[in-house]
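Enquirer: Got a structure for you, protein00.pdb, holding PDB, C-alpha atoms.
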```pdb
MODEL        1
ATOM      1  CA  MET A   1       5.147   9.399  -9.018
ATOM      2  CA  ALA A   2       2.336  11.923  -9.254
ATOM      3  CA  ASP A   3       1.873  14.253 -12.195
ATOM      4  CA  ASN A   4       1.555  17.250  -9.947
ATOM      5  CA  LYS A   5       4.161  19.815 -11.000
ATOM      6  CA  ASN A   6       3.523  21.715  -7.772
ATOM      7  CA  ILE A   7       4.921  18.815  -5.823
ATOM      8  CA  GLU A   8       7.631  17.682  -8.224
ATOM      9  CA  GLU A   9       9.104  20.952  -9.441
ATOM     10  CA  THR A  10       8.738  23.080  -6.329
ATOM     11  CA  ASN A  11      11.179  23.838  -3.576
ATOM     12  CA  ALA A  12       8.403  23.672  -0.965
ATOM     13  CA  PHE A  13       8.852  20.681   1.305
ATOM     14  CA  SER A  14       5.437  19.045   1.657
ATOM     15  CA  PRO A  15       5.978  15.458   2.784
ATOM     16  CA  LYS A  16       3.032  13.232   1.965
ATOM     17  CA  PHE A  17       2.078  11.050   4.895
ATOM     18  CA  ASP A  18      -0.012   7.962   4.136
ATOM     19  CA  ALA A  19      -3.417   7.013   5.552
ATOM     20  CA  ASN A  20      -1.706   5.984   8.788
ATOM     21  CA  GLY A  21       0.132   9.292   9.031
ATOM     22  CA  LEU A  22       3.461   7.744   8.073
ATOM     23  CA  ILE A  23       6.124   8.311   5.457
ATOM     24  CA  THR A  24       8.808   5.804   4.418
ATOM     25  CA  ALA A  25      12.322   6.807   5.453
ATOM     26  CA  ILE A  26      15.519   5.185   4.222
ATOM     27  CA  ALA A  27      18.767   5.603   6.138
ATOM     28  CA  GLN A  28      21.810   5.580   3.884
ATOM     29  CA  ASP A  29      25.400   5.749   5.094
ATOM     30  CA  ALA A  30      26.619   9.189   3.983
ATOM     31  CA  ARG A  31      30.152   7.923   3.634
ATOM     32  CA  THR A  32      29.762   4.554   1.897
ATOM     33  CA  GLY A  33      26.354   4.846   0.236
ATOM     34  CA  GLN A  34      25.228   1.605   1.869
ATOM     35  CA  ILE A  35      21.511   1.404   2.585
ATOM     36  CA  LEU A  36      21.297   0.708   6.299
ATOM     37  CA  MET A  37      17.598   0.369   7.068
ATOM     38  CA  VAL A  38      14.091   1.363   6.118
ATOM     39  CA  ALA A  39      11.651   2.660   8.697
ATOM     40  CA  TYR A  40       8.719   5.044   9.033
ATOM     41  CA  MET A  41       8.202   8.532  10.374
ATOM     42  CA  ASN A  42       5.117  10.376  11.463
ATOM     43  CA  GLN A  43       5.108  14.151  11.359
ATOM     44  CA  GLU A  44       6.469  14.425  14.891
ATOM     45  CA  ALA A  45       9.345  12.020  14.181
ATOM     46  CA  LEU A  46      10.273  13.973  11.076
ATOM     47  CA  GLN A  47      10.169  17.295  12.910
ATOM     48  CA  GLN A  48      12.264  15.894  15.722
ATOM     49  CA  THR A  49      14.781  14.505  13.227
ATOM     50  CA  ILE A  50      15.086  17.892  11.538
ATOM     51  CA  LYS A  51      15.302  19.758  14.842
ATOM     52  CA  THR A  52      17.807  17.508  16.617
ATOM     53  CA  GLY A  53      19.851  16.233  13.669
ATOM     54  CA  VAL A  54      19.513  12.701  15.010
ATOM     55  CA  ALA A  55      17.285  10.199  13.194
ATOM     56  CA  THR A  56      14.004   9.568  14.978
ATOM     57  CA  TYR A  57      11.412   7.209  13.585
ATOM     58  CA  TYR A  58       7.939   6.026  14.523
ATOM     59  CA  SER A  59       7.798   2.442  15.691
ATOM     60  CA  ARG A  60       4.711   0.802  14.251
ATOM     61  CA  SER A  61       4.987  -2.156  16.640
ATOM     62  CA  ARG A  62       5.509  -0.083  19.779
ATOM     63  CA  LYS A  63       3.313   2.749  18.512
ATOM     64  CA  LYS A  64       5.627   5.487  19.677
ATOM     65  CA  LEU A  65       8.540   7.661  18.641
ATOM     66  CA  TRP A  66      11.788   5.773  18.379
ATOM     67  CA  LYS A  67      15.079   7.604  18.457
ATOM     68  CA  LYS A  68      17.332   5.163  16.595
ATOM     69  CA  GLY A  69      20.037   4.021  18.984
ATOM     70  CA  GLU A  70      18.250   5.097  22.158
ATOM     71  CA  GLN A  71      18.801   1.580  23.501
ATOM     72  CA  SER A  72      21.830   0.328  21.541
ATOM     73  CA  GLY A  73      23.735   3.586  21.342
ATOM     74  CA  HIS A  74      23.978   3.219  17.561
ATOM     75  CA  ILE A  75      22.487   6.586  16.710
ATOM     76  CA  GLN A  76      22.344   8.143  13.263
ATOM     77  CA  LYS A  77      23.604  11.690  12.799
ATOM     78  CA  VAL A  78      21.718  13.201   9.902
ATOM     79  CA  GLN A  79      23.814  14.953   7.277
ATOM     80  CA  GLN A  80      21.162  15.555   4.642
ATOM     81  CA  ILE A  81      17.459  14.844   4.107
ATOM     82  CA  PHE A  82      16.287  14.095   0.565
ATOM     83  CA  VAL A  83      12.729  13.741  -0.656
ATOM     84  CA  ASP A  84      11.573  12.051  -3.846
ATOM     85  CA  CYS A  85       9.599  13.461  -6.760
ATOM     86  CA  ASP A  86       6.116  12.906  -5.319
ATOM     87  CA  GLN A  87       7.326  13.604  -1.766
ATOM     88  CA  ASP A  88       6.088  10.331  -0.288
ATOM     89  CA  CYS A  89       9.530   8.981   0.608
ATOM     90  CA  ILE A  90      12.565  10.339   2.405
ATOM     91  CA  VAL A  91      16.238   9.426   2.290
ATOM     92  CA  LEU A  92      18.421  10.367   5.244
ATOM     93  CA  LYS A  93      22.147  10.493   4.616
ATOM     94  CA  VAL A  94      23.564   9.615   8.003
ATOM     95  CA  SER A  95      26.875   9.273   9.804
ATOM     96  CA  VAL A  96      26.980   6.118  11.875
ATOM     97  CA  ASP A  97      29.232   3.904  13.929
ATOM     98  CA  ALA A  98      29.540   0.135  13.419
ATOM     99  CA  GLY A  99      26.370  -1.911  13.833
ATOM    100  CA  GLN A 100      23.105  -0.372  12.711
ATOM    101  CA  CYS A 101      20.914  -3.468  12.518
ATOM    102  CA  HIS A 102      19.603  -5.002  15.757
ATOM    103  CA  VAL A 103      20.518  -8.481  14.444
ATOM    104  CA  GLY A 104      24.219  -7.562  14.642
ATOM    105  CA  TYR A 105      25.048  -6.454  11.121
ATOM    106  CA  GLN A 106      26.025  -3.038   9.857
ATOM    107  CA  SER A 107      23.003  -2.941   7.568
ATOM    108  CA  CYS A 108      19.587  -4.625   7.784
ATOM    109  CA  PHE A 109      20.218  -5.795   4.201
ATOM    110  CA  TYR A 110      22.691  -8.546   5.064
ATOM    111  CA  ARG A 111      21.101 -11.192   2.824
ATOM    112  CA  ALA A 112      20.627 -11.413  -0.919
ATOM    113  CA  LEU A 113      18.689 -13.787  -3.100
ATOM    114  CA  LYS A 114      20.940 -16.599  -4.253
ATOM    115  CA  PRO A 115      21.624 -16.262  -7.984
ATOM    116  CA  GLY A 116      19.580 -18.583 -10.134
ATOM    117  CA  GLY A 117      16.961 -19.329  -7.497
ATOM    118  CA  GLU A 118      13.921 -17.628  -6.099
ATOM    119  CA  ASN A 119      13.546 -18.978  -2.585
ATOM    120  CA  GLU A 120      17.014 -19.142  -1.084
ATOM    121  CA  LEU A 121      18.997 -16.322   0.481
ATOM    122  CA  GLU A 122      22.704 -16.083   1.074
ATOM    123  CA  PHE A 123      24.312 -14.083   3.851
ATOM    124  CA  VAL A 124      26.484 -11.409   2.257
ATOM    125  CA  ALA A 125      27.805  -9.703   5.394
ATOM    126  CA  GLU A 126      29.471 -10.521   8.686
ATOM    127  CA  LYS A 127      28.121  -9.430  12.050
ATOM    128  CA  VAL A 128      29.945  -6.400  13.413
ATOM    129  CA  TYR A 129      28.751  -6.609  17.016
ATOM    130  CA  ASP A 130      27.038  -9.007  19.383
ATOM    131  CA  PRO A 131      23.432  -7.920  19.862
ATOM    132  CA  LYS A 132      23.087 -10.129  22.946
ATOM    133  CA  LYS A 133      25.614  -7.974  24.761
ATOM    134  CA  THR A 134      24.045  -4.771  23.532
ATOM    135  CA  TYR A 135      20.445  -5.562  24.306
ATOM    136  CA  SER A 136      20.724  -8.180  27.079
ATOM    137  CA  ASP A 137      20.387  -6.168  30.258
ATOM    138  CA  LYS A 138      18.363  -3.306  28.949
ATOM    139  CA  GLY A 139      15.099  -5.230  28.996
TER     140      GLY A 139
ATOM    141  CA  MET B 140      12.332  -5.315  12.889
ATOM    142  CA  ALA B 141      10.581  -8.416  14.168
ATOM    143  CA  ASP B 142      12.061 -10.598  16.891
ATOM    144  CA  ASN B 143      11.453 -13.724  14.879
ATOM    145  CA  LYS B 144      14.772 -15.557  14.472
ATOM    146  CA  ASN B 145      13.161 -17.735  11.820
ATOM    147  CA  ILE B 146      12.812 -14.718   9.614
ATOM    148  CA  GLU B 147      15.973 -12.857  10.552
ATOM    149  CA  GLU B 148      18.546 -15.640  10.768
ATOM    150  CA  THR B 149      17.284 -17.959   8.059
ATOM    151  CA  ASN B 150      18.284 -18.306   4.444
ATOM    152  CA  ALA B 151      14.674 -18.905   3.422
ATOM    153  CA  PHE B 152      13.334 -16.035   1.368
ATOM    154  CA  SER B 153       9.874 -15.239   2.720
ATOM    155  CA  PRO B 154       9.000 -11.691   1.688
ATOM    156  CA  LYS B 155       6.354 -10.145   3.875
ATOM    157  CA  PHE B 156       3.687  -8.404   1.840
ATOM    158  CA  ASP B 157       1.534  -5.844   3.639
ATOM    159  CA  ALA B 158      -2.254  -5.760   3.997
ATOM    160  CA  ASN B 159      -2.491  -4.551   0.394
ATOM    161  CA  GLY B 160      -0.285  -7.373  -0.840
ATOM    162  CA  LEU B 161       2.675  -5.056  -1.434
ATOM    163  CA  ILE B 162       6.283  -4.852  -0.371
ATOM    164  CA  THR B 163       8.495  -1.756  -0.523
ATOM    165  CA  ALA B 164      11.271  -1.997  -3.117
ATOM    166  CA  ILE B 165      14.216   0.382  -3.397
ATOM    167  CA  ALA B 166      16.219   0.611  -6.616
ATOM    168  CA  GLN B 167      19.865   1.444  -6.009
ATOM    169  CA  ASP B 168      22.428   2.031  -8.742
ATOM    170  CA  ALA B 169      24.760  -0.972  -8.507
ATOM    171  CA  ARG B 170      27.677   1.086  -9.779
ATOM    172  CA  THR B 171      27.371   4.356  -7.854
ATOM    173  CA  GLY B 172      25.282   3.392  -4.826
ATOM    174  CA  GLN B 173      22.823   6.185  -5.577
ATOM    175  CA  ILE B 174      19.259   5.498  -4.480
ATOM    176  CA  LEU B 175      17.214   5.929  -7.641
ATOM    177  CA  MET B 176      13.608   5.384  -6.622
ATOM    178  CA  VAL B 177      11.256   3.666  -4.215
ATOM    179  CA  ALA B 178       8.276   1.715  -5.454
ATOM    180  CA  TYR B 179       6.140  -1.287  -4.553
ATOM    181  CA  MET B 180       5.857  -4.870  -5.690
ATOM    182  CA  ASN B 181       3.129  -7.427  -5.340
ATOM    183  CA  GLN B 182       4.020 -11.090  -5.462
ATOM    184  CA  GLU B 183       3.629 -11.247  -9.223
ATOM    185  CA  ALA B 184       5.886  -8.224  -9.780
ATOM    186  CA  LEU B 185       8.544  -9.740  -7.557
ATOM    187  CA  GLN B 186       8.358 -13.091  -9.324
ATOM    188  CA  GLN B 187       8.567 -11.417 -12.710
ATOM    189  CA  THR B 188      11.557  -9.353 -11.568
ATOM    190  CA  ILE B 189      13.361 -12.491 -10.406
ATOM    191  CA  LYS B 190      12.444 -14.423 -13.530
ATOM    192  CA  THR B 191      13.279 -11.782 -16.122
ATOM    193  CA  GLY B 192      16.096  -9.910 -14.376
ATOM    194  CA  VAL B 193      14.393  -6.635 -15.225
ATOM    195  CA  ALA B 194      12.742  -4.602 -12.459
ATOM    196  CA  THR B 195       8.962  -4.822 -12.495
ATOM    197  CA  TYR B 196       6.842  -3.028  -9.929
ATOM    198  CA  TYR B 197       3.167  -2.724  -9.104
ATOM    199  CA  SER B 198       1.701   0.673  -9.882
ATOM    200  CA  ARG B 199      -0.664   1.652  -7.098
ATOM    201  CA  SER B 200      -2.184   4.444  -9.176
ATOM    202  CA  ARG B 201      -2.707   2.373 -12.316
ATOM    203  CA  LYS B 202      -3.401  -0.801 -10.350
ATOM    204  CA  LYS B 203      -1.310  -3.002 -12.604
ATOM    205  CA  LEU B 204       2.161  -4.397 -13.128
ATOM    206  CA  TRP B 205       4.635  -1.828 -14.284
ATOM    207  CA  LYS B 206       7.846  -2.854 -15.962
ATOM    208  CA  LYS B 207      10.072   0.129 -15.205
ATOM    209  CA  GLY B 208      11.052   1.716 -18.511
ATOM    210  CA  GLU B 209       8.303   0.083 -20.559
ATOM    211  CA  GLN B 210       7.360   3.546 -21.792
ATOM    212  CA  SER B 211      10.572   5.563 -21.388
ATOM    213  CA  GLY B 212      13.042   2.850 -22.280
ATOM    214  CA  HIS B 213      14.917   3.463 -19.019
ATOM    215  CA  ILE B 214      14.783  -0.098 -17.759
ATOM    216  CA  GLN B 215      16.595  -1.447 -14.711
ATOM    217  CA  LYS B 216      18.686  -4.589 -15.078
ATOM    218  CA  VAL B 217      18.737  -6.328 -11.728
ATOM    219  CA  GLN B 218      22.148  -7.408 -10.459
ATOM    220  CA  GLN B 219      21.214  -8.451  -6.946
ATOM    221  CA  ILE B 220      18.124  -8.574  -4.732
ATOM    222  CA  PHE B 221      18.578  -7.898  -1.017
ATOM    223  CA  VAL B 222      16.002  -8.302   1.734
ATOM    224  CA  ASP B 223      16.081  -6.731   5.188
ATOM    225  CA  CYS B 224      16.032  -8.397   8.602
ATOM    226  CA  ASP B 225      12.263  -8.719   8.937
ATOM    227  CA  GLN B 226      11.831  -9.310   5.208
ATOM    228  CA  ASP B 227       9.349  -6.499   4.625
ATOM    229  CA  CYS B 228      11.578  -4.460   2.334
ATOM    230  CA  ILE B 229      13.676  -5.203  -0.728
ATOM    231  CA  VAL B 230      16.685  -3.471  -2.267
ATOM    232  CA  LEU B 231      17.408  -4.046  -5.933
ATOM    233  CA  LYS B 232      20.929  -3.301  -7.094
ATOM    234  CA  VAL B 233      20.392  -2.311 -10.686
ATOM    235  CA  SER B 234      22.327  -1.334 -13.792
ATOM    236  CA  VAL B 235      20.751   1.646 -15.496
ATOM    237  CA  ASP B 236      21.250   4.189 -18.224
ATOM    238  CA  ALA B 237      20.896   7.948 -17.713
ATOM    239  CA  GLY B 238      17.520   9.205 -16.505
ATOM    240  CA  GLN B 239      15.583   7.038 -14.108
ATOM    241  CA  CYS B 240      13.084   9.561 -12.765
ATOM    242  CA  HIS B 241      10.118  10.592 -14.941
ATOM    243  CA  VAL B 242      10.721  14.255 -14.015
ATOM    244  CA  GLY B 243      14.016  14.160 -15.929
ATOM    245  CA  TYR B 244      16.591  13.461 -13.255
ATOM    246  CA  GLN B 245      18.796  10.431 -12.759
ATOM    247  CA  SER B 246      17.277   9.784  -9.337
ATOM    248  CA  CYS B 247      13.871  10.639  -7.871
ATOM    249  CA  PHE B 248      15.778  12.115  -4.920
ATOM    250  CA  TYR B 249      16.883  15.310  -6.665
ATOM    251  CA  ARG B 250      15.953  17.651  -3.825
ATOM    252  CA  ALA B 251      17.205  17.964  -0.270
ATOM    253  CA  LEU B 252      16.003  19.964   2.682
ATOM    254  CA  LYS B 253      17.849  23.277   2.828
ATOM    255  CA  PRO B 254      20.219  23.306   5.794
ATOM    256  CA  GLY B 255      18.926  25.211   8.776
ATOM    257  CA  GLY B 256      15.311  25.212   7.693
ATOM    258  CA  GLU B 257      12.438  22.775   7.752
ATOM    259  CA  ASN B 258      10.197  23.820   4.876
ATOM    260  CA  GLU B 259      12.443  24.690   1.962
ATOM    261  CA  LEU B 260      14.064  22.281  -0.488
ATOM    262  CA  GLU B 261      17.029  22.867  -2.725
ATOM    263  CA  PHE B 262      17.589  21.140  -6.036
ATOM    264  CA  VAL B 263      20.780  19.109  -5.763
ATOM    265  CA  ALA B 264      20.859  17.585  -9.255
ATOM    266  CA  GLU B 265      20.593  18.577 -12.897
ATOM    267  CA  LYS B 266      18.150  17.025 -15.326
ATOM    268  CA  VAL B 267      19.760  14.410 -17.534
ATOM    269  CA  TYR B 268      17.036  14.150 -20.160
ATOM    270  CA  ASP B 269      13.935  15.977 -21.342
ATOM    271  CA  PRO B 270      10.862  14.068 -20.172
ATOM    272  CA  LYS B 271       8.657  15.992 -22.624
ATOM    273  CA  LYS B 272      10.481  14.371 -25.509
ATOM    274  CA  THR B 273      10.427  10.951 -23.903
ATOM    275  CA  TYR B 274       6.784  10.854 -22.912
ATOM    276  CA  SER B 275       5.169  13.315 -25.343
ATOM    277  CA  ASP B 276       3.825  11.136 -28.145
ATOM    278  CA  LYS B 277       3.391   7.942 -26.248
ATOM    279  CA  GLY B 278       0.050   8.971 -24.789
TER     280      GLY B 278
ENDMDL
END
```
The structure in this file should be written as structure tokens.

Expert:
Amino acid sequence: MADNKNIEETNAFSPKFDANGLITAIAQDARTGQILMVAYMNQEALQQTIKTGVATYYSRSRKKLWKKGEQSGHIQKVQQIFVDCDQDCIVLKVSVDAGQCHVGYQSCFYRALKPGGENELEFVAEKVYDPKKTYSDKG
Amino acid sequence: MADNKNIEETNAFSPKFDANGLITAIAQDARTGQILMVAYMNQEALQQTIKTGVATYYSRSRKKLWKKGEQSGHIQKVQQIFVDCDQDCIVLKVSVDAGQCHVGYQSCFYRALKPGGENELEFVAEKVYDPKKTYSDKG
């Protein structure tokens, strides 16, 4: 949270990309408010997202643009794009079908820390699709 | 999203800190689902958050632990801690009072991209407190 009033109080969109040229992007279900996933965008991914209305990220592992759902079909239709006070993070409110996480859950956040402990997780969601069927023959 | 089943399908909490020893942490209002802010935690901040039940981050600018609300009083009581599939991002479901962003809004995400454009933001929230009064004499 920078002190810069020109960034915080302005209506000029000036996303702040980090040293690797990336900005954090959170996809949130526009209907339910559930946080679905967190990924990264470079400038091109952000521009493409704005232009097409479909969420496109930058895959750090594959080092290329990644239109969410290009393989699984589980795309994200962007309803609104929010930016935070210091403009180094973006929230996309998206419309989605069932199954946004490649593991098979609706959200990537399908586990929570077990109350009272600090090392053990509990699964707090059920899988909504079978990722083996979705990803199996698409190599 | 790593392929590692040991990380994705396990109930062992093994948060993945980046090269700077940090993990992204999103604070979400447990009651409304609103995304309030995005910050970072080092291992100590995460441990302190778990131990105390009050959100503590690592300030990259001040290079020290930062108990959210230590200056403003707007603390975050942690209800639940979620981790994503590849365990490199955390969501805190928190109970909060009015005014979580230092600019004066409830959420840091008080602006959204104006529909149809790509450079202009619109303010989509009203300030809920006067930050000048909160931060003025606390140096």

Enquirer: For chain B, which of A:Lys5, A:Lys68, A:Arg111, A:Arg60 is the closest residue, counting only C-alpha atoms?

Expert: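 Nearest candidate to chain B out of A:Lys5, A:Lys68, A:Arg111, A:Arg60: A:Arg111.
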
Enquirer: Contacts from chain B to chain A, 9 Å maximum, all atoms listed in the file: show me the residue list as a VMD selection string.

Expert: chain B and resid 140 to 141 147 to 153 167 171 to 174 176 to 177 186 189 to 190 200 219 to 225 228 to 230 240 to 242 246 to 262

Enquirer: So that I have them on file, write out the residues from the current selection with C-alpha atoms, as a CSV table (one decimal), in the coordinates of the input.

Expert:
```csv
chain,number,residue,atom,x,y,z
B,140,MET,CA,12.3,-5.3,12.9
B,141,ALA,CA,10.6,-8.4,14.2
B,147,GLU,CA,16.0,-12.9,10.6
B,148,GLU,CA,18.5,-15.6,10.8
B,149,THR,CA,17.3,-18.0,8.1
B,150,ASN,CA,18.3,-18.3,4.4
B,151,ALA,CA,14.7,-18.9,3.4
B,152,PHE,CA,13.3,-16.0,1.4
B,153,SER,CA,9.9,-15.2,2.7
B,167,GLN,CA,19.9,1.4,-6.0
B,171,THR,CA,27.4,4.4,-7.9
B,172,GLY,CA,25.3,3.4,-4.8
B,173,GLN,CA,22.8,6.2,-5.6
B,174,ILE,CA,19.3,5.5,-4.5
B,176,MET,CA,13.6,5.4,-6.6
B,177,VAL,CA,11.3,3.7,-4.2
B,186,GLN,CA,8.4,-13.1,-9.3
B,189,ILE,CA,13.4,-12.5,-10.4
B,190,LYS,CA,12.4,-14.4,-13.5
B,200,SER,CA,-2.2,4.4,-9.2
B,219,GLN,CA,21.2,-8.5,-6.9
B,220,ILE,CA,18.1,-8.6,-4.7
B,221,PHE,CA,18.6,-7.9,-1.0
B,222,VAL,CA,16.0,-8.3,1.7
B,223,ASP,CA,16.1,-6.7,5.2
B,224,CYS,CA,16.0,-8.4,8.6
B,225,ASP,CA,12.3,-8.7,8.9
B,228,CYS,CA,11.6,-4.5,2.3
B,229,ILE,CA,13.7,-5.2,-0.7
B,230,VAL,CA,16.7,-3.5,-2.3
B,240,CYS,CA,13.1,9.6,-12.8
B,241,HIS,CA,10.1,10.6,-14.9
B,242,VAL,CA,10.7,14.3,-14.0
B,246,SER,CA,17.3,9.8,-9.3
B,247,CYS,CA,13.9,10.6,-7.9
B,248,PHE,CA,15.8,12.1,-4.9
B,249,TYR,CA,16.9,15.3,-6.7
B,250,ARG,CA,16.0,17.7,-3.8
B,251,ALA,CA,17.2,18.0,-0.3
B,252,LEU,CA,16.0,20.0,2.7
B,253,LYS,CA,17.8,23.3,2.8
B,254,PRO,CA,20.2,23.3,5.8
B,255,GLY,CA,18.9,25.2,8.8
B,256,GLY,CA,15.3,25.2,7.7
B,257,GLU,CA,12.4,22.8,7.8
B,258,ASN,CA,10.2,23.8,4.9
B,259,GLU,CA,12.4,24.7,2.0
B,260,LEU,CA,14.1,22.3,-0.5
B,261,GLU,CA,17.0,22.9,-2.7
B,262,PHE,CA,17.6,21.1,-6.0
```

Enquirer: Just how far from atom CA of A:Glu126 is atom CA of A:Val54, in Å to one decimal?

Expert: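 Separating atom CA of A:Val54 from atom CA of A:Glu126 is a distance of 26.0 Å.
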
Enquirer: Please determine the residues with any atom at most 6 Å from (22.1, 6.3, 12.0) (coordinates as given in the file, with all atoms listed in the file counting) and report them as a CSV table (one decimal) with C-alpha atoms, in the coordinates of the input.

Expert:
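Generated output (result31.csv):
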```csv
chain,number,residue,atom,x,y,z
A,75,ILE,CA,22.5,6.6,16.7
A,76,GLN,CA,22.3,8.1,13.3
A,77,LYS,CA,23.6,11.7,12.8
A,94,VAL,CA,23.6,9.6,8.0
A,96,VAL,CA,27.0,6.1,11.9
```

Enquirer: How big is the axis-aligned box around all listed atoms of stretch 64-69 of chain A once 4 Å goes on each side, and where's its centre, in Å to one decimal, as JSON?

Expert:
```
{"center_x": 12.8, "center_y": 5.8, "center_z": 18.1, "size_x": 22.4, "size_y": 11.6, "size_z": 11.1}
```
